[in-house]
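Everything below belongs to model_33.txt, which stores compact mmCIF, C-alpha atoms and all ligand atoms.
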```
# COMPACT_ATOMS: atom_id res chain seq x y z
CA GLY P 1 127.58 89.44 114.94
CA LEU P 2 128.45 93.15 115.20
CA ILE P 3 129.37 94.94 111.97
CA LEU P 4 130.37 98.57 111.57
CA GLY P 5 129.21 99.76 108.15
CA ILE P 6 130.75 102.74 106.36
CA GLU P 7 129.30 104.48 103.29
CA SER P 8 130.79 107.42 101.36
CA SER P 9 129.96 106.71 97.72
CA CYS P 10 128.16 109.95 96.90
CA ASP P 11 127.06 112.87 99.05
CA GLU P 12 126.37 111.15 102.37
CA THR P 13 129.03 110.26 104.93
CA ALA P 14 127.45 107.47 106.92
CA ALA P 15 128.34 104.95 109.62
CA ALA P 16 126.20 102.38 111.41
CA VAL P 17 126.55 99.49 113.81
CA VAL P 18 124.29 96.55 112.95
CA ARG P 19 123.81 93.32 114.91
CA VAL P 20 123.32 90.03 113.01
CA GLY P 21 122.42 91.84 109.81
CA SER P 22 119.08 93.02 111.08
CA GLU P 23 119.21 95.20 114.17
CA ALA P 24 120.61 98.69 113.64
CA LEU P 25 122.08 99.83 116.96
CA SER P 26 122.96 103.12 115.29
CA ASN P 27 122.62 104.69 111.86
CA VAL P 28 124.36 108.05 111.48
CA VAL P 29 124.18 110.01 108.23
CA ALA P 30 125.89 113.35 107.58
CA SER P 31 124.27 114.64 104.44
CA GLN P 32 125.97 117.20 102.23
CA MET P 33 122.66 117.97 100.54
CA SER P 34 122.63 121.66 101.47
CA LEU P 35 126.24 122.11 100.34
CA HIS P 36 125.52 120.74 96.86
CA ALA P 37 122.07 122.37 96.64
CA ASN P 38 123.72 125.62 95.53
CA TYR P 39 125.00 123.80 92.46
CA GLY P 40 121.86 121.76 91.76
CA GLY P 41 123.84 118.53 91.85
CA VAL P 42 126.73 116.76 93.54
CA VAL P 43 130.15 118.35 92.98
CA PRO P 44 132.73 115.53 93.27
CA GLU P 45 135.62 117.63 94.64
CA LEU P 46 133.45 119.16 97.34
CA ALA P 47 132.06 115.72 98.21
CA SER P 48 135.51 114.20 98.85
CA ARG P 49 136.54 117.13 101.01
CA GLU P 50 133.37 116.87 103.10
CA HIS P 51 133.76 113.11 103.53
CA LEU P 52 137.30 113.71 104.85
CA ARG P 53 135.97 116.25 107.29
CA ASN P 54 133.06 114.05 108.43
CA ILE P 55 134.29 110.46 108.49
CA VAL P 56 135.94 110.43 111.94
CA PRO P 57 133.14 112.24 113.84
CA VAL P 58 130.45 110.22 112.04
CA VAL P 59 132.04 106.87 112.99
CA ARG P 60 132.59 108.09 116.54
CA GLU P 61 128.93 109.09 116.77
CA ALA P 62 127.79 105.72 115.37
CA MET P 63 129.86 103.90 118.02
CA SER P 64 128.57 106.02 120.89
CA ARG P 65 124.93 105.77 119.79
CA ALA P 66 125.36 102.00 119.43
CA SER P 67 126.62 101.87 123.02
CA ALA P 68 123.62 103.85 124.19
CA ALA P 69 121.24 101.56 122.29
CA ALA P 70 122.90 98.41 123.63
CA GLY P 71 122.95 99.71 127.19
CA HIS P 72 126.65 98.91 127.56
CA PRO P 73 129.81 100.31 125.96
CA ILE P 74 130.59 99.02 122.49
CA THR P 75 134.17 99.58 121.42
CA PHE P 76 136.01 98.87 118.17
CA ALA P 77 137.34 95.70 119.83
CA ASP P 78 133.76 94.35 120.06
CA LEU P 79 133.27 94.50 116.30
CA ASP P 80 133.33 91.32 114.24
CA ALA P 81 134.03 93.14 110.99
CA VAL P 82 134.05 96.50 109.25
CA ALA P 83 132.10 96.76 105.98
CA VAL P 84 132.62 99.50 103.43
CA THR P 85 131.10 100.52 100.10
CA ALA P 86 133.62 99.76 97.33
CA GLY P 87 131.45 101.09 94.48
CA PRO P 88 129.69 102.20 92.41
CA GLY P 89 130.11 105.89 93.14
CA LEU P 90 132.49 108.82 92.93
CA ALA P 91 136.11 107.62 93.04
CA GLY P 92 137.40 110.28 95.42
CA ALA P 93 134.38 109.94 97.71
CA LEU P 94 134.58 106.12 97.85
CA LEU P 95 138.30 106.28 98.67
CA VAL P 96 137.69 108.23 101.86
CA GLY P 97 135.51 105.46 103.32
CA ILE P 98 137.69 102.65 101.97
CA THR P 99 140.94 104.14 103.25
CA TYR P 100 139.44 104.74 106.67
CA ALA P 101 137.97 101.22 106.86
CA LYS P 102 141.25 99.64 105.77
CA ALA P 103 143.24 101.57 108.37
CA LEU P 104 140.74 100.64 111.06
CA THR P 105 140.66 96.92 110.27
CA PHE P 106 144.43 96.80 109.86
CA GLY P 107 144.91 98.44 113.25
CA LEU P 108 142.32 96.23 114.97
CA ASP P 109 143.23 93.06 113.09
CA LYS P 110 139.58 92.56 112.12
CA PRO P 111 138.14 91.43 108.80
CA LEU P 112 137.25 93.98 106.13
CA ILE P 113 134.18 93.35 103.99
CA SER P 114 133.62 95.01 100.62
CA VAL P 115 130.01 95.82 99.74
CA ASN P 116 128.41 96.90 96.47
CA HIS P 117 126.29 100.00 97.15
CA LEU P 118 123.41 98.59 95.09
CA GLU P 119 123.41 95.36 97.07
CA GLY P 120 123.27 97.59 100.14
CA HIS P 121 120.09 99.27 98.89
CA ILE P 122 118.45 95.86 98.43
CA HIS P 123 119.48 94.70 101.91
CA ALA P 124 118.12 97.90 103.47
CA VAL P 125 114.67 96.45 102.83
CA LEU P 126 115.54 92.86 103.70
CA MET P 127 116.99 93.87 107.08
CA GLU P 128 113.80 95.68 107.99
CA THR P 129 111.48 92.85 107.03
CA ARG P 130 113.66 90.54 109.14
CA GLN P 131 113.57 92.98 112.02
CA LEU P 132 109.79 93.24 111.92
CA ASN P 133 109.73 89.43 112.09
CA GLU P 134 107.85 89.35 108.86
CA LEU P 135 108.19 86.35 106.61
CA PRO P 136 111.37 86.47 104.58
CA MET P 137 110.71 87.72 101.06
CA GLU P 138 110.05 84.77 98.79
CA LEU P 139 112.67 83.93 96.21
CA PRO P 140 113.54 84.81 93.57
CA LEU P 141 112.79 88.40 94.44
CA LEU P 142 112.76 91.30 92.03
CA ALA P 143 114.48 94.44 93.33
CA LEU P 144 113.80 97.86 91.89
CA VAL P 145 116.66 100.14 92.96
CA VAL P 146 115.68 103.66 92.06
CA SER P 147 117.61 106.72 93.20
CA GLY P 148 119.36 109.86 91.99
CA GLY P 149 122.13 107.85 90.35
CA HIS P 150 120.50 104.49 89.61
CA THR P 151 117.45 102.88 88.09
CA HIS P 152 117.97 99.13 88.07
CA LEU P 153 115.97 95.93 88.22
CA TYR P 154 117.66 92.86 89.73
CA LEU P 155 116.44 89.33 90.04
CA ALA P 156 117.94 88.11 93.30
CA THR P 157 118.07 84.80 95.08
CA HIS P 158 120.28 82.89 97.47
CA GLU P 159 121.20 79.30 98.07
CA GLN P 160 118.86 77.14 100.08
CA GLY P 161 119.62 76.62 103.71
CA GLY P 162 121.43 79.82 104.58
CA GLU P 163 121.40 83.39 103.64
CA THR P 164 124.95 83.32 102.36
CA ASN P 165 125.70 83.42 98.68
CA TRP P 166 123.20 85.86 97.32
CA THR P 167 123.26 86.05 93.54
CA TYR P 168 121.90 88.82 91.37
CA ARG P 169 121.01 89.28 87.73
CA ASN P 170 120.63 92.76 86.30
CA VAL P 171 117.48 92.54 84.16
CA GLY P 172 116.80 96.23 83.62
CA ARG P 173 118.59 99.57 83.78
CA THR P 174 118.25 103.08 82.49
CA VAL P 175 119.69 103.85 79.07
CA ASP P 176 120.17 107.51 80.07
CA ASP P 177 119.04 109.41 83.20
CA ALA P 178 118.08 107.81 86.51
CA ALA P 179 114.50 108.40 87.69
CA GLY P 180 115.66 110.52 90.65
CA GLU P 181 117.82 112.54 88.29
CA ALA P 182 114.72 113.30 86.18
CA TYR P 183 112.92 114.44 89.36
CA ASP P 184 115.87 116.65 90.27
CA LYS P 185 116.19 118.18 86.79
CA VAL P 186 112.47 118.80 86.33
CA ALA P 187 112.22 120.37 89.80
CA LYS P 188 115.16 122.63 89.00
CA LEU P 189 113.60 123.58 85.67
CA LEU P 190 110.36 124.52 87.46
CA GLY P 191 112.15 126.68 90.02
CA LEU P 192 111.71 124.24 92.91
CA GLY P 193 114.31 123.19 95.49
CA TYR P 194 117.00 120.50 95.48
CA PRO P 195 116.73 117.56 95.71
CA GLY P 196 113.63 117.72 93.57
CA GLY P 197 111.88 114.47 94.53
CA PRO P 198 110.30 115.64 97.80
CA TRP P 199 109.09 118.89 96.16
CA ILE P 200 107.38 117.14 93.27
CA ASP P 201 106.01 114.46 95.61
CA ALA P 202 104.43 117.11 97.84
CA LEU P 203 102.99 119.24 95.03
CA ALA P 204 101.73 116.53 92.65
CA PRO P 205 98.54 115.74 94.64
CA HIS P 206 97.38 119.33 93.96
CA GLY P 207 97.44 118.93 90.19
CA ASN P 208 95.62 116.91 87.54
CA PRO P 209 97.80 113.93 86.52
CA ARG P 210 95.99 113.63 83.19
CA ALA P 211 96.47 117.26 82.14
CA VAL P 212 99.61 116.59 80.08
CA PRO P 213 99.82 113.14 78.45
CA PHE P 214 103.53 112.24 78.65
CA THR P 215 104.47 108.99 76.95
CA PHE P 216 107.42 106.62 76.96
CA GLY P 217 108.59 105.19 73.65
CA GLU P 218 109.87 101.69 73.04
CA ILE P 219 113.56 101.29 73.93
CA LYS P 220 115.05 99.78 70.80
CA HIS P 221 118.63 99.34 71.91
CA ARG P 222 119.50 97.66 75.11
CA ALA P 223 121.35 99.88 77.57
CA PRO P 224 125.11 99.40 77.76
CA ARG P 225 126.14 97.04 80.52
CA GLU P 226 125.50 98.47 83.94
CA GLY P 227 128.12 101.02 84.91
CA VAL P 228 129.41 101.50 81.38
CA THR P 229 128.81 105.13 80.57
CA ASN P 230 130.26 105.05 77.05
CA LYS P 231 127.09 104.83 74.98
CA LYS P 232 128.98 103.21 72.12
CA ALA P 233 130.18 100.33 74.27
CA PRO P 234 128.98 96.93 73.10
CA THR P 235 125.61 96.08 74.52
CA ASN P 236 124.50 92.79 75.91
CA THR P 237 121.35 91.39 74.38
CA GLU P 238 121.19 88.11 76.24
CA GLY P 239 117.82 87.32 77.81
CA PRO P 240 114.75 89.51 78.25
CA HIS P 241 115.37 93.01 79.50
CA PHE P 242 113.24 95.70 81.11
CA ASP P 243 115.16 98.90 80.52
CA PHE P 244 114.20 102.49 81.33
CA SER P 245 114.70 105.90 79.74
CA PHE P 246 114.02 109.15 81.56
CA SER P 247 115.74 111.80 79.46
CA GLY P 248 112.83 112.05 76.99
CA ILE P 249 110.30 113.12 79.60
CA LYS P 250 112.71 115.73 80.95
CA THR P 251 112.96 117.22 77.45
CA ALA P 252 109.18 117.03 77.04
CA VAL P 253 108.69 119.01 80.26
CA LEU P 254 111.20 121.60 79.03
CA ARG P 255 109.35 121.90 75.73
CA TYR P 256 106.03 122.30 77.55
CA VAL P 257 107.47 125.09 79.70
CA GLU P 258 108.82 126.90 76.65
CA THR P 259 105.61 126.67 74.63
CA HIS P 260 103.33 127.66 77.52
CA ASN P 261 104.93 130.89 78.56
CA MET P 262 105.85 129.73 82.06
CA ARG P 263 109.28 131.39 82.39
CA ASP P 264 108.27 134.42 84.45
CA SER P 265 106.33 132.48 87.05
CA ILE P 266 109.22 130.00 87.33
CA GLU P 267 111.76 132.78 87.90
CA ALA P 268 109.49 134.40 90.47
CA ARG P 269 109.17 131.10 92.38
CA ARG P 270 112.92 130.48 92.20
CA ALA P 271 113.57 133.93 93.67
CA VAL P 272 111.12 133.45 96.55
CA LEU P 273 112.55 130.03 97.45
CA ALA P 274 116.13 131.32 97.22
CA ALA P 275 115.29 134.22 99.53
CA ASP P 276 113.59 132.05 102.16
CA PRO P 277 115.53 128.90 103.06
CA THR P 278 112.96 128.00 105.73
CA LEU P 279 110.46 126.98 103.04
CA THR P 280 110.23 123.18 102.74
CA PRO P 281 108.35 121.03 100.23
CA LYS P 282 105.49 120.73 102.72
CA SER P 283 105.13 124.46 103.49
CA GLU P 284 101.62 125.77 102.72
CA ALA P 285 103.23 128.80 101.10
CA VAL P 286 104.89 126.68 98.42
CA ILE P 287 101.58 125.57 96.91
CA LYS P 288 100.59 129.22 96.61
CA LEU P 289 103.76 129.86 94.62
CA CYS P 290 102.49 127.48 91.93
CA ASP P 291 99.67 128.25 89.54
CA GLN P 292 97.32 125.45 88.47
CA GLN P 293 99.14 124.94 85.17
CA THR P 294 102.38 124.26 87.05
CA LEU P 295 100.68 121.91 89.51
CA ASP P 296 99.09 120.01 86.60
CA LEU P 297 102.47 119.72 84.89
CA ILE P 298 104.06 118.38 88.08
CA ALA P 299 101.23 115.88 88.62
CA SER P 300 101.42 114.70 85.00
CA PHE P 301 105.19 114.26 85.17
CA GLN P 302 104.99 112.16 88.32
CA TYR P 303 102.06 110.12 87.02
CA ALA P 304 104.07 109.23 83.89
CA VAL P 305 107.33 108.41 85.68
CA VAL P 306 105.64 106.25 88.30
CA GLY P 307 103.56 104.55 85.60
CA ASN P 308 106.71 103.67 83.70
CA LEU P 309 108.49 102.28 86.79
CA GLN P 310 105.35 100.30 87.60
CA ARG P 311 104.94 98.81 84.12
CA GLN P 312 108.56 97.69 83.77
CA THR P 313 108.70 96.28 87.28
CA PHE P 314 105.61 94.13 86.95
CA ALA P 315 106.42 93.08 83.40
CA ALA P 316 109.79 91.85 84.67
CA ALA P 317 108.27 90.18 87.72
CA GLU P 318 105.81 88.30 85.54
CA ALA P 319 108.25 87.31 82.79
CA LEU P 320 110.92 86.16 85.23
CA GLY P 321 108.68 84.48 87.76
CA ALA P 322 109.61 86.71 90.69
CA ARG P 323 107.79 85.71 93.89
CA SER P 324 108.20 88.99 95.73
CA ILE P 325 109.23 92.59 95.08
CA VAL P 326 111.59 94.87 96.94
CA VAL P 327 111.78 98.61 96.19
CA SER P 328 114.64 100.78 97.43
CA GLY P 329 116.74 103.90 96.83
CA GLY P 330 115.82 107.53 97.37
CA VAL P 331 112.87 107.49 94.97
CA ALA P 332 111.33 104.62 96.99
CA ALA P 333 110.30 107.42 99.38
CA ASN P 334 107.85 108.67 96.74
CA SER P 335 104.29 108.38 98.01
CA GLU P 336 102.63 107.84 94.63
CA LEU P 337 105.18 105.14 93.72
CA ARG P 338 104.51 103.36 97.01
CA ARG P 339 100.76 103.60 96.63
CA ARG P 340 100.57 102.37 93.05
CA LEU P 341 103.15 99.58 93.37
CA GLN P 342 101.49 98.37 96.57
CA ALA P 343 98.07 98.35 94.87
CA GLU P 344 99.26 96.38 91.86
CA ALA P 345 101.25 93.95 94.02
CA ASP P 346 98.12 93.35 96.10
CA ARG P 347 96.09 92.71 92.95
CA ARG P 348 98.68 90.19 91.79
CA ASN P 349 99.11 88.64 95.21
CA LEU P 350 102.83 89.41 95.26
CA PRO P 351 104.44 90.40 98.56
CA ILE P 352 106.13 93.81 98.20
CA ALA P 353 108.38 95.67 100.65
CA PHE P 354 109.64 99.24 100.87
CA PRO P 355 112.27 100.63 103.22
CA SER P 356 111.48 103.13 105.94
CA LEU P 357 112.36 106.68 104.93
CA ALA P 358 115.63 106.57 106.91
CA LEU P 359 116.79 103.49 105.02
CA SER P 360 115.58 104.48 101.56
CA THR P 361 118.25 107.12 100.94
CA ASP P 362 121.97 106.44 101.29
CA ASN P 363 122.98 105.11 104.70
CA ALA P 364 125.49 102.72 106.24
CA ALA P 365 123.11 100.36 108.05
CA MET P 366 122.29 98.85 104.66
CA ILE P 367 126.01 98.34 103.99
CA ALA P 368 126.45 96.51 107.29
CA ALA P 369 123.30 94.46 106.60
CA ALA P 370 124.54 93.40 103.16
CA ALA P 371 127.86 92.43 104.76
CA TRP P 372 126.25 89.99 107.21
CA PRO P 373 125.88 87.07 104.75
CA LYS P 374 129.47 87.74 103.66
CA LEU P 375 130.67 87.56 107.27
CA LEU P 376 128.88 84.21 107.66
CA ALA P 377 130.54 83.01 104.46
CA ARG P 378 133.91 84.51 105.51
CA ASP P 379 133.96 86.41 102.24
CA PHE P 380 136.52 89.07 103.19
CA ALA P 381 138.22 91.80 101.18
CA SER P 382 141.96 91.85 100.74
CA GLU P 383 143.99 94.68 102.20
CA ASP P 384 144.54 96.21 98.76
CA LEU P 385 140.82 96.86 98.26
CA GLY P 386 140.34 99.88 96.01
CA ALA P 387 137.45 102.02 94.81
CA THR P 388 135.52 100.76 91.76
CA PRO P 389 133.45 103.72 90.50
CA GLN P 390 131.59 101.59 87.94
CA LEU P 391 131.24 98.43 90.01
CA ARG P 392 128.42 96.20 88.73
CA LEU P 393 126.17 93.94 90.69
CA GLY P 394 125.75 90.36 89.57
CA ARG P 395 125.31 88.90 86.11
CA GLN P 396 124.39 91.35 83.39
P1 LIG I 1 122.81 106.92 94.63
O1 LIG I 1 122.10 107.12 93.34
O2 LIG I 1 124.26 106.62 94.51
O3 LIG I 1 122.13 105.90 95.47
P2 LIG I 1 121.72 109.42 95.50
O4 LIG I 1 122.20 110.31 96.60
O5 LIG I 1 121.44 110.04 94.22
O6 LIG I 1 122.79 108.27 95.39
P3 LIG I 1 119.63 108.62 97.25
O7 LIG I 1 120.30 109.36 98.37
O8 LIG I 1 119.27 107.19 97.47
O9 LIG I 1 120.43 108.65 95.94
O10 LIG I 1 118.32 109.40 96.81
C1 LIG I 1 118.29 110.73 96.35
C2 LIG I 1 117.34 110.82 95.18
O11 LIG I 1 116.03 110.42 95.58
C3 LIG I 1 117.22 112.22 94.62
O12 LIG I 1 117.23 112.16 93.21
C4 LIG I 1 115.85 112.68 95.12
O13 LIG I 1 115.21 113.63 94.29
C5 LIG I 1 115.09 111.38 95.14
N1 LIG I 1 113.97 111.45 96.07
C6 LIG I 1 114.00 111.63 97.41
N2 LIG I 1 112.76 111.67 97.93
C7 LIG I 1 111.90 111.52 96.88
C8 LIG I 1 110.48 111.48 96.74
N3 LIG I 1 109.67 111.63 97.80
N4 LIG I 1 109.97 111.30 95.51
C9 LIG I 1 110.77 111.15 94.43
N5 LIG I 1 112.11 111.19 94.50
C10 LIG I 1 112.67 111.36 95.70
MG MG I 2 122.47 110.84 98.25
FE FE I 3 122.33 105.12 96.90
```
Output the file's structure in the form of structure tokens.
Ligand code: ATP
Ligand code: MG
Ligand code: FE
Amino acid sequence: GLILGIESSCDETAAAVVRVGSEALSNVVASQMSLHANYGGVVPELASREHLRNIVPVVREAMSRASAAAGHPITFADLDAVAVTAGPGLAGALLVGITYAKALTFGLDKPLISVNHLEGHIHAVLMETRQLNELPMELPLLALVVSGGHTHLYLATHEQGGETNWTYRNVGRTVDDAAGEAYDKVAKLLGLGYPGGPWIDALAPHGNPRAVPFTFGEIKHRAPREGVTNKKAPTNTEGPHFDFSFSGIKTAVLRYVETHNMRDSIEARRAVLAADPTLTPKSEAVIKLCDQQTLDLIASFQYAVVGNLQRQTFAAAEALGARSIVVSGGVAANSELRRRLQAEADRRNLPIAFPSLALSTDNAAMIAAAAWPKLLARDFASEDLGATPQLRLGRQ
């Protein structure tokens, strides 16, 4: 049951070797974060070029670390399958991983397994709960996948008797920005570093979350089907939905900054951070770069975003009869989100699980883990597998 997972959908080139869908023998991630930081977001052309540069050494490293972890050499010949992210993501970036995985499986005469990146995020959590020998999450489970590119709610279950045949229903999605994207844009606006999540997470406890009352309006029109970016595309109104919108709060923060004369202090902070790359979100000096008004704004922003994620998640869980909750994606690293979701889940007696920090952001162990039920079901990809930038997960 050895699967090599490969992930290159966005700005991480990653490879991992996972045994029986639960034990990561290695999990190697080459992040391009610092490359894209100069642009405040991921630049697709640069991403593809970096993936090309990184894919071979990253896979090699994953194989050698797996050997070290196993205590004996693990070669390509020992693999049972190679799993790769087929979408959603950047077309050029996805193609690097897919092309590599196809060449490898063709050469080795091993099965190729295609994995949806979002399913990977969900299985990142499931593989860890299995590994810790905790009870399997009760079904149906509600998964909140919340990252820089996604904010989705899925109701997930699988057939009795085996873990093959997982099925998913997309019951909520953002009508505009993803939650992580709002973190990144607000952090950039306030002169903080990229990615913005860890900066806001670290600074928010120093401010008053009730200083600025941000609100979320009712979402009148259902978001276009997952992955469809054309806002005029026909929408699907079937069944209850628990959609999100994060562009309004970003605009509200911008308006607050403009009406409260904060420009100079923001520029000053931006200049200090640009001049000293050793400053991290947790540096003492960073707090001193922020006046109380800024800290209050940051705390209020986070309080509102987390509150919105919390409300929609538990409303969906209740309406759909979910029996457990799984949270994943880069924003799942957020300490306030973890604290408040855990507290409400405890109050409601619902089991809830979060990934470790290493498995919350993009990685390949989660891709190999999601491929395990597909290996058991012999659900293999054909050799003409291509990239699907707007790949959806499950029923809409
Ligand atoms: P994708 O959306 O395709 O999964 P991504 O690279 O945008 O790709 P991740 O790597 O899963 O997503 O996560 C990155 C995002 O998570 C960024 O938007 C970042 O700001 C956010 N993030 C990371 N840590 C935190 C945190 N502690 N609090 C809030 N947001 C965070
Ligand atoms: Mg990323
Ligand atoms: Fe991701």
> Residues around (124.0, 105.7, 92.5), cut-off 7 Å, counting all atoms listed in the file - what are they as a PyMOL selection string?
Replying inline: chain P and resi 88-89+147-150
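Among the candidate residues P:Val212, P:Leu112, P:Ala101, P:Leu90, the one lying nearest to Tyr303 (chain P) is P:Val212, with distances computed using only C-alpha atoms.
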Hey, which bits of region 70-166 of chain P sit within 7 Å of region 372-385 of chain P, and for each residue what's the closest pair of atoms and how far apart in Å (one decimal), counting all atoms listed in the file, rows by chain and increasing number, as a tab-separated table?
```
residue	atom	partner	partner_atom	distance
P:Lys102	CA	P:Glu383	CA	6.7
P:Pro111	CA	P:Phe380	CA	6.3
P:Leu112	CA	P:Ala381	CA	5.5
P:Ile113	CA	P:Phe380	CA	4.9
P:Ser114	CA	P:Ala381	CA	5.6
P:Glu163	CA	P:Pro373	CA	5.9
P:Thr164	CA	P:Pro373	CA	4.5
```
>> as a PyMOL selection string, please: the residues near Arg348 (chain P) (cut-off 12 Å, all atoms listed in the file, same-chain neighbours under 2 positions excluded).
In response: chain P and resi 314-315+317-318+322-325+341-346+350-352
> Within 12 Å of (131.7, 99.8, 121.9), in the coordinates the file gives, what residues turn up when you count all atoms listed in the file, written out as a list in words?
Replying inline: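 Looking at atoms near the point gives Leu2, Ile3, Leu4, Val17, Leu25, Ser26, Val59, Arg60, Glu61, Ala62, Met63, Ser64, Arg65, Ala66, Ser67, Ala68, Ala69, Ala70, Gly71, His72, Pro73, Ile74, Thr75, Phe76, Ala77, Asp78, Leu79 and Asp80 of chain P.
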>> Would you compute the distance between CA of Val286 (chain P) and CA of Tyr39 (chain P)? Give it in Å to one decimal.
In response: 21.2 Å
Centre and edge lengths of an axis-aligned box around all listed atoms of region 359-371 of chain P, with 5 Å added on each side, are to be given in Å to one decimal, as lines of an AutoDock Vina configuration file.
```
center_x = 121.7
center_y = 99.8
center_z = 104.5
size_x = 22.3
size_y = 24.7
size_z = 17.1
```
Per residue of chain P within 10 Å of ligand FE 3 (chain I), which atom pair is closest and at what distance in Å (one decimal), using only C-alpha atoms and all ligand atoms, listed by chain and increasing number, as a Markdown table?
```
| residue | atom | partner | partner_atom | distance |
| --- | --- | --- | --- | --- |
| P:Glu7 | CA | I:FE3 | FE | 9.5 |
| P:Ser8 | CA | I:FE3 | FE | 9.8 |
| P:Ser9 | CA | I:FE3 | FE | 7.8 |
| P:Cys10 | CA | I:FE3 | FE | 7.6 |
| P:Asp11 | CA | I:FE3 | FE | 9.3 |
| P:Glu12 | CA | I:FE3 | FE | 9.1 |
| P:Pro88 | CA | I:FE3 | FE | 9.1 |
| P:Gly89 | CA | I:FE3 | FE | 8.7 |
| P:His117 | CA | I:FE3 | FE | 6.5 |
| P:Leu118 | CA | I:FE3 | FE | 6.9 |
| P:Glu119 | CA | I:FE3 | FE | 9.8 |
| P:Gly120 | CA | I:FE3 | FE | 8.3 |
| P:His121 | CA | I:FE3 | FE | 6.6 |
| P:Val145 | CA | I:FE3 | FE | 8.5 |
| P:Val146 | CA | I:FE3 | FE | 8.4 |
| P:Ser147 | CA | I:FE3 | FE | 6.2 |
| P:Gly148 | CA | I:FE3 | FE | 7.4 |
| P:Gly149 | CA | I:FE3 | FE | 7.1 |
| P:His150 | CA | I:FE3 | FE | 7.5 |
| P:Ser328 | CA | I:FE3 | FE | 8.8 |
| P:Gly329 | CA | I:FE3 | FE | 5.7 |
| P:Gly330 | CA | I:FE3 | FE | 7.0 |
| P:Val331 | CA | I:FE3 | FE | 9.9 |
| P:Leu359 | CA | I:FE3 | FE | 10.0 |
| P:Ser360 | CA | I:FE3 | FE | 8.2 |
| P:Thr361 | CA | I:FE3 | FE | 6.1 |
| P:Asp362 | CA | I:FE3 | FE | 4.6 |
| P:Asn363 | CA | I:FE3 | FE | 7.8 |
| P:Met366 | CA | I:FE3 | FE | 10.0 |
```
> So which one's closest to ligand LIG 1 (chain I), P:Arg338, P:His206, P:Arg269, P:Lys110? Using only C-alpha atoms and all ligand atoms, please.
Replying inline: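 Looking only at the distances to ligand LIG 1 (chain I), the closest residue turns out to be P:Arg338.
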Would you list the contacts of Gly87 (chain P) as a compact mmCIF listing (two decimals) with C-alpha atoms, keeping the file's coordinate frame, taking every protein, DNA or RNA residue within 6 Å and counting all atoms listed in the file, but skipping same-chain residues closer than 5 positions in sequence?
```txt
# COMPACT_ATOMS: atom_id res chain seq x y z
CA ASN P 116 128.41 96.90 96.47
CA HIS P 117 126.29 100.00 97.15
CA THR P 388 135.52 100.76 91.76
CA PRO P 389 133.45 103.72 90.50
CA LEU P 391 131.24 98.43 90.01
```
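Computed from the coordinates, the CA of Ala16 (chain P) to CA of Thr99 (chain P) distance equals 16.9 Å.
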>> Report, in Å with one decimal, the straight-line distance from CA of Met137 (chain P) to CA of Asn170 (chain P).
In response: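 Computing it gives 18.5 Å between the two atoms.
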> When distances are computed from all atoms listed in the file, which of P:Tyr256, P:Phe216, P:Tyr194, P:Trp166 shows the smallest separation from ligand LIG 1 (chain I)?
Replying inline: P:Tyr194
> Skipping near chain neighbours, those fewer than 2 positions away, what residues fall within 12 Å of Arg169 (chain P) using all atoms listed in the file, listed as JSON, numbers by chain?
Replying inline: {"P": [119, 140, 141, 142, 143, 144, 152, 153, 154, 155, 156, 157, 158, 166, 167, 171, 172, 173, 225, 226, 238, 239, 240, 241, 316, 320, 392, 393, 394, 395, 396]}
Show me, as a PDB file with C-alpha atoms, in the frame of the given file, the residues that have an atom within 8 Å of Asp176 (chain P) when counting all atoms listed in the file, minus same-chain residues fewer than 5 positions from it.
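The resulting file, around-v5.pdb, is reproduced below:
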```pdb
ATOM      1  CA  PHE P 244     114.200 102.490  81.330  1.00  0.00           C
ATOM      2  CA  SER P 245     114.700 105.900  79.740  1.00  0.00           C
ATOM      3  CA  PHE P 246     114.020 109.150  81.560  1.00  0.00           C
ATOM      4  CA  SER P 247     115.740 111.800  79.460  1.00  0.00           C
TER       5      SER P 247
END
```
